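For reference, the structure is listed below as structure tokens.
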Amino acid sequence: MAELEGFIPRSIGRQNCGDPVVSGTKSTRYDYIAKPGTNDDVSTEPIGGFEVCTPYVYGNAQIDNLRVNGVATGDFEGDFQGTCDLVGTINVQSWKGFDIKHPNKENHRLRHICLEGPEAGVYFRGRLTESNVIELPSYWKGLIDPESITVSLTQIGSSQDLIIDSIEWGSRIKIRSGNASKIDCYYVIHASRIDGEALIVEYEGQTPAEYPGNDSQYSISGYDYDVRG
């Protein structure tokens, strides 16, 4: 068979079964680990008009013993079978967050962590001026427990002695000024969702799979994002 242009056959003629030390310049990128194939040379470029196999990378890996010498990032809930020697720091508590391109700084990013609490809570905020009534969103009906509504007010410009006068039908909140001042304030209103069972905050178990309640309404960071549709 004619040799392909650019392909150089070679014969090693010996075995080297040692355990060589890996050395080189450290990369700062988080890349997948290349998975060796059976090809003499692995390339994505055609050689002599023939396509060459695209190399695989490790998307999943198994290892008996693991040593991490720096910071381990990601979600680490689950079972470690074997020895995991972590020399550095690791966030085993799986903070929930998001990371996006910075809205106004070039070559910067913005990272926030989700607010946590012992309930499935929602909020509504804004500014109240020239009125004493806060109209809650219509979609709150059937979504939140009206008995769970709480209101925080921040007066603007002067002391107004603001008072929650009433919460009507879980859909509107009346404010009044104890010293008859003109109302001008910011408001933040919180409530608990009612379209599911109450969260069991503490429970006995080793993994999220042992949650004693109905966990079909949850997606647990680092545990089942890739399980539920």
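Chain labels run A, B, ... following the order of the structure tokens; each chain numbers its residues from 1, and ligands are numbered from 1 in the order shown.
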
Next on the checklist: Can you pull out every residue from region 156-212 of chain A that DSSP, working from the backbone, puts in strand (DSSP E or B), and format the result as a list of chain:residue names?
Outcome noted: A:Leu162, A:Ile163, A:Ile164, A:Asp165, A:Ser166, A:Ile167, A:Glu168, A:Arg172, A:Ile173, A:Lys174, A:Ile175, A:Arg176, A:Ser177, A:Asp184, A:Cys185, A:Tyr186, A:Tyr187, A:Val188, A:Ile189, A:His190, A:Ala191, A:Ser192, A:Arg193

Go ahead and dump the residues you just picked, C-alpha atoms, as a PDB file, in the first residue's frame.
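After the write, out_23.pdb holds the following:
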ATOM      1  CA  LEU A 162     -44.793  55.202  57.870  1.00  0.00           C
ATOM      2  CA  ILE A 163     -47.225  52.511  58.994  1.00  0.00           C
ATOM      3  CA  ILE A 164     -48.667  49.427  57.265  1.00  0.00           C
ATOM      4  CA  ASP A 165     -52.360  50.256  57.517  1.00  0.00           C
ATOM      5  CA  SER A 166     -53.701  47.023  55.989  1.00  0.00           C
ATOM      6  CA  ILE A 167     -53.031  44.174  53.576  1.00  0.00           C
ATOM      7  CA  GLU A 168     -56.174  43.524  51.546  1.00  0.00           C
ATOM      8  CA  ARG A 172     -52.857  45.402  47.774  1.00  0.00           C
ATOM      9  CA  ILE A 173     -51.115  47.056  50.685  1.00  0.00           C
ATOM     10  CA  LYS A 174     -52.227  50.359  52.216  1.00  0.00           C
ATOM     11  CA  ILE A 175     -49.657  52.668  53.785  1.00  0.00           C
ATOM     12  CA  ARG A 176     -50.291  55.708  55.979  1.00  0.00           C
ATOM     13  CA  SER A 177     -48.141  58.391  57.521  1.00  0.00           C
ATOM     14  CA  ASP A 184     -42.406  58.935  49.399  1.00  0.00           C
ATOM     15  CA  CYS A 185     -40.673  55.638  50.087  1.00  0.00           C
ATOM     16  CA  TYR A 186     -39.025  52.545  48.712  1.00  0.00           C
ATOM     17  CA  TYR A 187     -40.666  49.201  49.468  1.00  0.00           C
ATOM     18  CA  VAL A 188     -39.626  45.565  49.434  1.00  0.00           C
ATOM     19  CA  ILE A 189     -42.323  42.915  49.863  1.00  0.00           C
ATOM     20  CA  HIS A 190     -41.576  39.237  50.491  1.00  0.00           C
ATOM     21  CA  ALA A 191     -43.859  36.210  50.527  1.00  0.00           C
ATOM     22  CA  SER A 192     -43.590  32.419  50.547  1.00  0.00           C
ATOM     23  CA  ARG A 193     -44.791  30.353  47.605  1.00  0.00           C
TER      24      ARG A 193
END

Next on the checklist: Please identify the helix (DSSP H, G or I) residues within region 108-189 of chain A (assignment by DSSP from backbone atoms) and present them as a ChimeraX atom specification.
Outcome noted: /A:138-140,146-148

Checklist entry - Counting only C-alpha atoms, which of A:Leu199, A:Ile194, A:Ile100, A:Val57 gets nearest to Glu147 (chain A)? => result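 Distance minimum relative to Glu147 (chain A) lands on A:Ile194.
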
Next on the checklist: So that I can see what lies close to Ile156 (chain A), please list as number ranges by chain the residues with an atom at most 10 Å from it, counting only C-alpha atoms and leaving out residues fewer than 3 positions away in the same chain.
Outcome noted: A: 127-129, 153, 159-160, 183-186

Using N, CA and C atoms, can you export the residues from the last selection as a PDB file, in the first residue's frame?
ATOM      1  N   ARG A 127     -40.927  51.882  44.250  1.00  0.00           N
ATOM      2  CA  ARG A 127     -41.017  53.165  44.960  1.00  0.00           C
ATOM      3  C   ARG A 127     -42.468  53.624  44.962  1.00  0.00           C
ATOM      4  N   LEU A 128     -42.905  54.102  46.117  1.00  0.00           N
ATOM      5  CA  LEU A 128     -44.285  54.584  46.267  1.00  0.00           C
ATOM      6  C   LEU A 128     -44.268  56.093  46.424  1.00  0.00           C
ATOM      7  N   THR A 129     -44.889  56.799  45.482  1.00  0.00           N
ATOM      8  CA  THR A 129     -44.953  58.264  45.489  1.00  0.00           C
ATOM      9  C   THR A 129     -46.341  58.697  45.040  1.00  0.00           C
ATOM     10  N   LEU A 153     -40.288  49.174  54.475  1.00  0.00           N
ATOM     11  CA  LEU A 153     -40.408  50.508  53.895  1.00  0.00           C
ATOM     12  C   LEU A 153     -39.191  51.352  54.254  1.00  0.00           C
ATOM     13  N   SER A 159     -38.591  62.243  57.631  1.00  0.00           N
ATOM     14  CA  SER A 159     -39.258  61.272  58.478  1.00  0.00           C
ATOM     15  C   SER A 159     -40.765  61.350  58.262  1.00  0.00           C
ATOM     16  N   GLN A 160     -41.364  60.227  57.894  1.00  0.00           N
ATOM     17  CA  GLN A 160     -42.791  60.218  57.554  1.00  0.00           C
ATOM     18  C   GLN A 160     -43.608  59.334  58.491  1.00  0.00           C
ATOM     19  N   ILE A 183     -46.313  60.842  51.420  1.00  0.00           N
ATOM     20  CA  ILE A 183     -45.609  59.556  51.357  1.00  0.00           C
ATOM     21  C   ILE A 183     -44.665  59.491  50.160  1.00  0.00           C
ATOM     22  N   ASP A 184     -43.412  59.175  50.436  1.00  0.00           N
ATOM     23  CA  ASP A 184     -42.406  58.935  49.399  1.00  0.00           C
ATOM     24  C   ASP A 184     -41.426  57.928  49.973  1.00  0.00           C
ATOM     25  N   CYS A 185     -41.494  56.699  49.484  1.00  0.00           N
ATOM     26  CA  CYS A 185     -40.673  55.638  50.087  1.00  0.00           C
ATOM     27  C   CYS A 185     -40.352  54.544  49.085  1.00  0.00           C
ATOM     28  N   TYR A 186     -39.307  53.797  49.397  1.00  0.00           N
ATOM     29  CA  TYR A 186     -39.025  52.545  48.712  1.00  0.00           C
ATOM     30  C   TYR A 186     -39.693  51.422  49.497  1.00  0.00           C
TER      31      TYR A 186
END

Checklist entry - Distance CA of Ser152 (chain A)-CA of Ile113 (chain A), one decimal place? => result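 We find that CA of Ser152 (chain A) and CA of Ile113 (chain A) lie 22.6 Å from each other.
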
Next on the checklist: Nearest residue to Asp145 (chain A) out of A:Pro103, A:Glu116, A:Glu197, A:Gly97, using only C-alpha atoms?
Outcome noted: A:Glu197

Checklist entry - With distances taken over only C-alpha atoms, which of A:Ser131, A:Thr54, A:Ser171, A:Asn60 is nearest to Ile149 (chain A)? => result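 Looking only at the distances to Ile149 (chain A), the closest residue turns out to be A:Ser171.
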